[in-house]
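S.K.: Structure provided below as structure tokens; questions to follow.
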Amino acid sequence: MEKRNEKIGLSAHSLNIFNECPKCFYLSVKEGFSRPRGPMPSIATGIDSLIKEYFEFYRKKEKLPPFLIGKIEGKLISTLKKTYYYDIEENKNYYLWGRLDEIIQTPEGFYVPLDHKTRASLPPKGDPHHAYQFQLGIYSLLLKKENKGNEVDFGYLVYYYPEKSMTDYEADKIRNIINFNFEVKKVELDIKYIKTIIKDAIKCLDKNMVPERGPNCEYCDWVENIKIYYFEKEEKKEREKLEKVDLNKEEIEFPEGKLF
Ligand code: SF4
């Protein structure tokens with residue numbers, strides 16, 4: 001759990017967990033029991049750091065990366081901070097924090113969040129995944145100070161996905177087989193809705209009571225099934241032990257089965 005001056009820090013990640021399951025959110029923020037994450041595929045991290053390096057190159061040149069020209073209006077901000085913070089006015093015990101992938105400064109001078117997303121294929125048409133939209137909304141709040149109190153109601157997602165562009169698979173051309181394409185999506189943000197979720201999440205933490213679990217979660221189903229399995233196993237063991245004791249008792253009372 002992130003803490004600053006005894007205040008509790010909430011991130012887009014933890015609040016997205018609240019959206020999925022208040023119980024998991026409560027257990028991780030309040031009690032420090034985070035969901036097991038499992039091994040992370042390092043390919044996504046590798047691509048991510050390459051993209052960031054590429055953006056840094058153009059930041060130094062004070063230019064927008066060429067592939068974004070015509071798709072995004074503005075430029076990269078000159079210095080990207082490691083972490084951004086937002087104090088929650090309604091409740092001084094909490095704050096928001098986050099590490100933004102990138103920030104675009106619009107021609108009007110507003111700071112707009114941009115997030116890189118790697119995926120397996122072309123993103124579907126229409127609204128992006130709810131979690132991505134929510135994440136950008138949190139990032140917009142994190143930029144409120146930079147935007148002099150204004151709340152920007154849009155952000156950008158840039159998807160990167162592998163695309164086949166060759167018909168020739170000769171072994172010596174392996175380096176050129178995997179090519180990445182990209183897609184830029186401008187995402188409208190409902191900041192009022194984002195604030196309602198933050199309020200509900202804080203209410204949940206302040207209740208000091210583990211809330212109900214969310215629906216459709218394989219983790220808790222798994223834990224429940226394991227509990228039932230072990231409970232039944234232990235019960236069976238206990239029953240067998242008792243039956244054995246009864247048999248021994250009979251043997252002592254009637255040695256070799258003789259009554260006299
Ligand atoms: S239902 Fe899933 S998400 Fe919720 S507490 Fe259980 S493990 Fe966590």
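Chain identifiers are assigned as A, B, and so on, following the order in which chains appear in the structure tokens; residues are numbered from 1 within each chain, and ligands are numbered from 1 in order of appearance.
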Quick one: residues within 9 Å of ligand 1, with only C-alpha atoms and all ligand atoms, as a PyMOL selection string?
M.R.: chain A and resi 17-18+20-28+34-35+211-223
S.K.: With only C-alpha atoms as the counted atoms, please give the residues lying no more than 8 Å from segment 176-187 of chain A, apart from itself and same-chain residues fewer than 5 positions off, as a list in words.
M.R.: Leu68, Lys71, Leu122, Pro123, Asp127, Pro128, Gln133, Phe154, Gly155, Tyr156, Leu157, Val158, Tyr159, Tyr160, Tyr161, Pro162, Glu163, Lys164, Ser165, Met166 and Tyr169 of chain A
S.K.: Under the rule that only C-alpha atoms are counted, which of A:Asp153, A:Glu73, A:Glu224, A:Asp115 is the nearest residue to Tyr193 of chain A?
M.R.: A:Asp153
S.K.: Could you please determine the separation between atom CA of Leu96 of chain A and atom CA of Ile8 of chain A in Å, to one decimal place?
M.R.: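 According to the coordinates, atom CA of Leu96 of chain A and atom CA of Ile8 of chain A are separated by 8.5 Å.
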S.K.: Could you tell me which of A:Leu141, A:Leu76, A:Leu136, A:Ala120 comes closest to Glu89 of chain A if we count only C-alpha atoms?
M.R.: A:Leu141
S.K.: From a backbone DSSP assignment, name each residue in segment 18-260 of chain A labelled strand (DSSP E or B), as a PyMOL selection string.
M.R.: chain A and resi 69+72+75-76+84-87+94-98+102-105+111-118+154-164+178-188
S.K.: The selected residues should be written to file as a short mmCIF file (atom, residue, chain, number, x, y, z; two decimals), in the first residue's frame (atoms: N, CA and C atoms).
M.R.:
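This is the output file selection-v8.cif:
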```cif
data_model
loop_
_atom_site.label_atom_id
_atom_site.label_comp_id
_atom_site.auth_asym_id
_atom_site.auth_seq_id
_atom_site.Cartn_x
_atom_site.Cartn_y
_atom_site.Cartn_z
N ILE A 69 2.03 12.44 -35.80
CA ILE A 69 1.67 13.70 -36.47
C ILE A 69 0.41 13.50 -37.32
N ILE A 72 -2.57 13.39 -33.42
CA ILE A 72 -2.66 14.05 -32.12
C ILE A 72 -2.22 15.49 -32.30
N LYS A 75 2.25 18.62 -28.47
CA LYS A 75 3.64 18.11 -28.43
C LYS A 75 3.87 17.36 -27.13
N LEU A 76 4.98 16.65 -27.04
CA LEU A 76 5.31 15.95 -25.79
C LEU A 76 5.72 17.00 -24.77
N TYR A 84 2.91 11.27 -10.37
CA TYR A 84 2.01 12.43 -10.24
C TYR A 84 1.03 12.18 -9.10
N TYR A 85 0.65 13.25 -8.40
CA TYR A 85 -0.23 13.11 -7.23
C TYR A 85 -1.44 14.01 -7.35
N TYR A 86 -2.50 13.61 -6.65
CA TYR A 86 -3.72 14.43 -6.61
C TYR A 86 -4.32 14.28 -5.22
N ASP A 87 -4.49 15.38 -4.53
CA ASP A 87 -5.09 15.31 -3.19
C ASP A 87 -6.60 15.29 -3.30
N TYR A 94 -6.85 10.51 2.07
CA TYR A 94 -6.51 9.76 0.86
C TYR A 94 -5.98 10.69 -0.22
N TYR A 95 -5.20 10.09 -1.10
CA TYR A 95 -4.75 10.83 -2.29
C TYR A 95 -4.63 9.86 -3.45
N LEU A 96 -4.55 10.39 -4.66
CA LEU A 96 -4.34 9.55 -5.83
C LEU A 96 -2.88 9.67 -6.25
N TRP A 97 -2.35 8.61 -6.80
CA TRP A 97 -1.00 8.70 -7.36
C TRP A 97 -0.92 7.83 -8.61
N GLY A 98 0.03 8.14 -9.47
CA GLY A 98 0.17 7.32 -10.68
C GLY A 98 1.38 7.69 -11.49
N GLU A 102 2.87 8.91 -20.76
CA GLU A 102 3.22 10.10 -21.55
C GLU A 102 2.18 11.20 -21.35
N ILE A 103 2.59 12.44 -21.58
CA ILE A 103 1.66 13.57 -21.47
C ILE A 103 1.83 14.44 -22.71
N ILE A 104 0.70 14.80 -23.30
CA ILE A 104 0.73 15.67 -24.48
C ILE A 104 0.32 17.07 -24.05
N GLN A 105 1.05 18.05 -24.49
CA GLN A 105 0.63 19.43 -24.23
C GLN A 105 -0.09 19.94 -25.48
N TYR A 111 -2.61 19.83 -20.43
CA TYR A 111 -1.85 18.58 -20.34
C TYR A 111 -2.83 17.42 -20.44
N VAL A 112 -2.58 16.52 -21.38
CA VAL A 112 -3.51 15.42 -21.66
C VAL A 112 -2.77 14.08 -21.51
N PRO A 113 -3.37 13.11 -20.78
CA PRO A 113 -2.66 11.83 -20.61
C PRO A 113 -2.68 10.97 -21.87
N LEU A 114 -1.59 10.25 -22.06
CA LEU A 114 -1.50 9.29 -23.17
C LEU A 114 -0.95 7.99 -22.60
N ASP A 115 -1.56 6.89 -22.94
CA ASP A 115 -1.09 5.61 -22.42
C ASP A 115 -0.78 4.63 -23.55
N HIS A 116 0.35 3.94 -23.43
CA HIS A 116 0.73 2.93 -24.44
C HIS A 116 0.12 1.59 -24.07
N LYS A 117 -0.44 0.91 -25.04
CA LYS A 117 -0.99 -0.43 -24.80
C LYS A 117 -0.49 -1.38 -25.88
N THR A 118 0.16 -2.45 -25.46
CA THR A 118 0.55 -3.46 -26.45
C THR A 118 -0.51 -4.54 -26.45
N PHE A 154 -10.55 14.31 -21.86
CA PHE A 154 -10.17 13.31 -22.87
C PHE A 154 -8.72 12.90 -22.68
N GLY A 155 -8.39 11.77 -23.27
CA GLY A 155 -7.02 11.28 -23.20
C GLY A 155 -6.76 10.44 -24.45
N TYR A 156 -5.55 9.91 -24.56
CA TYR A 156 -5.22 9.10 -25.75
C TYR A 156 -4.71 7.72 -25.33
N LEU A 157 -5.13 6.74 -26.11
CA LEU A 157 -4.55 5.40 -25.99
C LEU A 157 -3.83 5.15 -27.30
N VAL A 158 -2.61 4.66 -27.22
CA VAL A 158 -1.92 4.26 -28.45
C VAL A 158 -1.68 2.76 -28.34
N TYR A 159 -2.31 2.03 -29.24
CA TYR A 159 -2.17 0.57 -29.26
C TYR A 159 -1.04 0.18 -30.21
N TYR A 160 -0.25 -0.78 -29.79
CA TYR A 160 0.80 -1.32 -30.65
C TYR A 160 0.52 -2.81 -30.79
N TYR A 161 0.50 -3.30 -31.99
CA TYR A 161 0.20 -4.72 -32.18
C TYR A 161 1.00 -5.29 -33.35
N PRO A 162 1.37 -6.57 -33.25
CA PRO A 162 2.17 -7.16 -34.34
C PRO A 162 1.31 -7.38 -35.57
N GLU A 163 1.92 -7.20 -36.70
CA GLU A 163 1.18 -7.36 -37.94
C GLU A 163 2.05 -8.05 -38.98
N LYS A 164 1.47 -9.02 -39.68
CA LYS A 164 2.22 -9.73 -40.71
C LYS A 164 2.30 -8.84 -41.95
N ILE A 178 8.33 -9.98 -37.89
CA ILE A 178 7.38 -9.37 -36.96
C ILE A 178 7.48 -7.85 -37.06
N ASN A 179 6.43 -7.26 -37.52
CA ASN A 179 6.37 -5.80 -37.63
C ASN A 179 5.24 -5.29 -36.75
N PHE A 180 5.45 -4.13 -36.19
CA PHE A 180 4.40 -3.58 -35.33
C PHE A 180 3.65 -2.47 -36.05
N ASN A 181 2.36 -2.51 -35.88
CA ASN A 181 1.54 -1.43 -36.38
C ASN A 181 0.98 -0.69 -35.16
N PHE A 182 0.29 0.39 -35.36
CA PHE A 182 -0.23 1.15 -34.22
C PHE A 182 -1.59 1.73 -34.54
N GLU A 183 -2.29 2.10 -33.51
CA GLU A 183 -3.58 2.77 -33.69
C GLU A 183 -3.75 3.76 -32.53
N VAL A 184 -4.16 4.97 -32.87
CA VAL A 184 -4.35 5.99 -31.83
C VAL A 184 -5.84 6.14 -31.59
N LYS A 185 -6.23 6.14 -30.32
CA LYS A 185 -7.65 6.32 -30.01
C LYS A 185 -7.80 7.50 -29.05
N LYS A 186 -8.65 8.45 -29.44
CA LYS A 186 -8.96 9.56 -28.54
C LYS A 186 -10.13 9.07 -27.67
N VAL A 187 -9.97 9.18 -26.36
CA VAL A 187 -10.99 8.61 -25.47
C VAL A 187 -11.65 9.73 -24.67
N GLU A 188 -12.98 9.79 -24.74
CA GLU A 188 -13.72 10.79 -23.94
C GLU A 188 -13.77 10.30 -22.50
#
```
S.K.: Using Å and a single decimal, report how far atom CA of Leu142 of chain A sits from atom CA of Lys195 of chain A.
M.R.: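 Computed distance, atom CA of Lys195 of chain A to atom CA of Leu142 of chain A, equals 12.2 Å.
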S.K.: I need the residues of segment 52-147 of chain A that end up classed as alpha helix (DSSP H) by DSSP on the backbone, written out as a ChimeraX atom specification.
M.R.: /A:52-60,130-142
S.K.: Name the closest residue to Glu6 of chain A among the candidates A:Asn208, A:Ser42, A:Ser78, A:Asn93; distances are taken between atoms, counting only C-alpha atoms.
M.R.: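 Of A:Asn208, A:Ser42, A:Ser78, A:Asn93, the one nearest Glu6 of chain A is A:Asn93, counting only C-alpha atoms.
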S.K.: Would you mind listing what lies within 12 Å of Glu90 of chain A as a PDB file with N, CA and C atoms, in the first residue's frame, with only C-alpha atoms counted and same-chain residues fewer than 5 positions away left out?
M.R.:
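The new file result-v6.pdb reads:
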```pdb
ATOM      1  N   TYR A  95      -5.201  10.093  -1.101  1.00  0.00           N
ATOM      2  CA  TYR A  95      -4.750  10.835  -2.293  1.00  0.00           C
ATOM      3  C   TYR A  95      -4.627   9.857  -3.453  1.00  0.00           C
ATOM      4  N   LYS A 195     -15.050  10.325 -10.269  1.00  0.00           N
ATOM      5  CA  LYS A 195     -15.062  10.835  -8.890  1.00  0.00           C
ATOM      6  C   LYS A 195     -16.041  10.039  -8.023  1.00  0.00           C
ATOM      7  N   THR A 196     -17.153   9.590  -8.616  1.00  0.00           N
ATOM      8  CA  THR A 196     -18.124   8.792  -7.849  1.00  0.00           C
ATOM      9  C   THR A 196     -17.479   7.476  -7.413  1.00  0.00           C
ATOM     10  N   ILE A 198     -14.300   6.923  -6.944  1.00  0.00           N
ATOM     11  CA  ILE A 198     -13.300   7.206  -5.897  1.00  0.00           C
ATOM     12  C   ILE A 198     -14.022   7.357  -4.551  1.00  0.00           C
ATOM     13  N   LYS A 199     -15.136   8.079  -4.561  1.00  0.00           N
ATOM     14  CA  LYS A 199     -15.912   8.293  -3.334  1.00  0.00           C
ATOM     15  C   LYS A 199     -16.400   6.956  -2.759  1.00  0.00           C
ATOM     16  N   ILE A 202     -13.538   4.951  -1.206  1.00  0.00           N
ATOM     17  CA  ILE A 202     -13.135   5.475   0.103  1.00  0.00           C
ATOM     18  C   ILE A 202     -14.163   5.078   1.168  1.00  0.00           C
ATOM     19  N   LYS A 203     -15.435   5.153   0.807  1.00  0.00           N
ATOM     20  CA  LYS A 203     -16.506   4.756   1.731  1.00  0.00           C
ATOM     21  C   LYS A 203     -16.293   3.294   2.143  1.00  0.00           C
TER      22      LYS A 203
END
```
S.K.: Could you list, as a list in words, every residue within 10 Å of Phe110 of chain A, counting only C-alpha atoms and ignoring same-chain residues fewer than 5 positions away?
M.R.: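 Once the adjacent positions are removed, what remains is Gly74, Ile103, Ile104, Gln105, Leu143, Lys144, Glu146, Asn147, Lys148, Asn150, Glu151 and Val152 of chain A.
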S.K.: When distances are computed from only C-alpha atoms, which of A:Lys227, A:Lys237, A:Lys82, A:Lys207 shows the smallest separation from Lys30 of chain A?
M.R.: A:Lys207
S.K.: Record the distance separating atom CA of Ala12 of chain A and atom CA of Ile138 of chain A, expressed in Å with one decimal.
M.R.: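 These atoms are spaced 6.0 Å apart.
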S.K.: Name all residues at most 12 Å from Lys60 of chain A (count only C-alpha atoms; drop same-chain ones fewer than 4 positions away) and give them as a PDB file with N, CA and C atoms, in the first residue's frame.
M.R.:
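As a result, part_9.pdb now contains:
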```
ATOM      1  N   GLU A  53      11.795   4.694 -24.746  1.00  0.00           N
ATOM      2  CA  GLU A  53      13.089   5.206 -25.218  1.00  0.00           C
ATOM      3  C   GLU A  53      12.878   6.047 -26.474  1.00  0.00           C
ATOM      4  N   TYR A  54      12.027   5.531 -27.359  1.00  0.00           N
ATOM      5  CA  TYR A  54      11.707   6.221 -28.618  1.00  0.00           C
ATOM      6  C   TYR A  54      11.066   7.587 -28.339  1.00  0.00           C
ATOM      7  N   PHE A  55      10.157   7.633 -27.383  1.00  0.00           N
ATOM      8  CA  PHE A  55       9.500   8.905 -27.036  1.00  0.00           C
ATOM      9  C   PHE A  55      10.505   9.880 -26.410  1.00  0.00           C
ATOM     10  N   GLU A  56      11.405   9.340 -25.589  1.00  0.00           N
ATOM     11  CA  GLU A  56      12.432  10.198 -24.973  1.00  0.00           C
ATOM     12  C   GLU A  56      13.282  10.874 -26.041  1.00  0.00           C
ATOM     13  N   LEU A  64       6.884  15.954 -31.736  1.00  0.00           N
ATOM     14  CA  LEU A  64       5.983  14.817 -31.587  1.00  0.00           C
ATOM     15  C   LEU A  64       6.570  13.670 -32.419  1.00  0.00           C
ATOM     16  N   PRO A  65       6.587  12.420 -31.919  1.00  0.00           N
ATOM     17  CA  PRO A  65       7.085  11.325 -32.768  1.00  0.00           C
ATOM     18  C   PRO A  65       6.338  11.333 -34.111  1.00  0.00           C
ATOM     19  N   LYS A  75       2.251  18.616 -28.465  1.00  0.00           N
ATOM     20  CA  LYS A  75       3.641  18.115 -28.430  1.00  0.00           C
ATOM     21  C   LYS A  75       3.868  17.363 -27.126  1.00  0.00           C
ATOM     22  N   LEU A  76       4.983  16.648 -27.043  1.00  0.00           N
ATOM     23  CA  LEU A  76       5.313  15.954 -25.791  1.00  0.00           C
ATOM     24  C   LEU A  76       5.724  16.998 -24.770  1.00  0.00           C
ATOM     25  N   ILE A  77       5.375  16.806 -23.501  1.00  0.00           N
ATOM     26  CA  ILE A  77       5.816  17.794 -22.509  1.00  0.00           C
ATOM     27  C   ILE A  77       7.329  17.664 -22.326  1.00  0.00           C
ATOM     28  N   SER A  78       7.957  18.754 -21.920  1.00  0.00           N
ATOM     29  CA  SER A  78       9.427  18.731 -21.895  1.00  0.00           C
ATOM     30  C   SER A  78       9.987  17.850 -20.780  1.00  0.00           C
ATOM     31  N   THR A  79       9.328  17.781 -19.615  1.00  0.00           N
ATOM     32  CA  THR A  79       9.822  16.909 -18.541  1.00  0.00           C
ATOM     33  C   THR A  79       8.672  16.073 -18.007  1.00  0.00           C
ATOM     34  N   LEU A  80       8.885  14.766 -18.054  1.00  0.00           N
ATOM     35  CA  LEU A  80       7.861  13.853 -17.538  1.00  0.00           C
ATOM     36  C   LEU A  80       8.282  13.423 -16.135  1.00  0.00           C
TER      37      LEU A  80
END
```
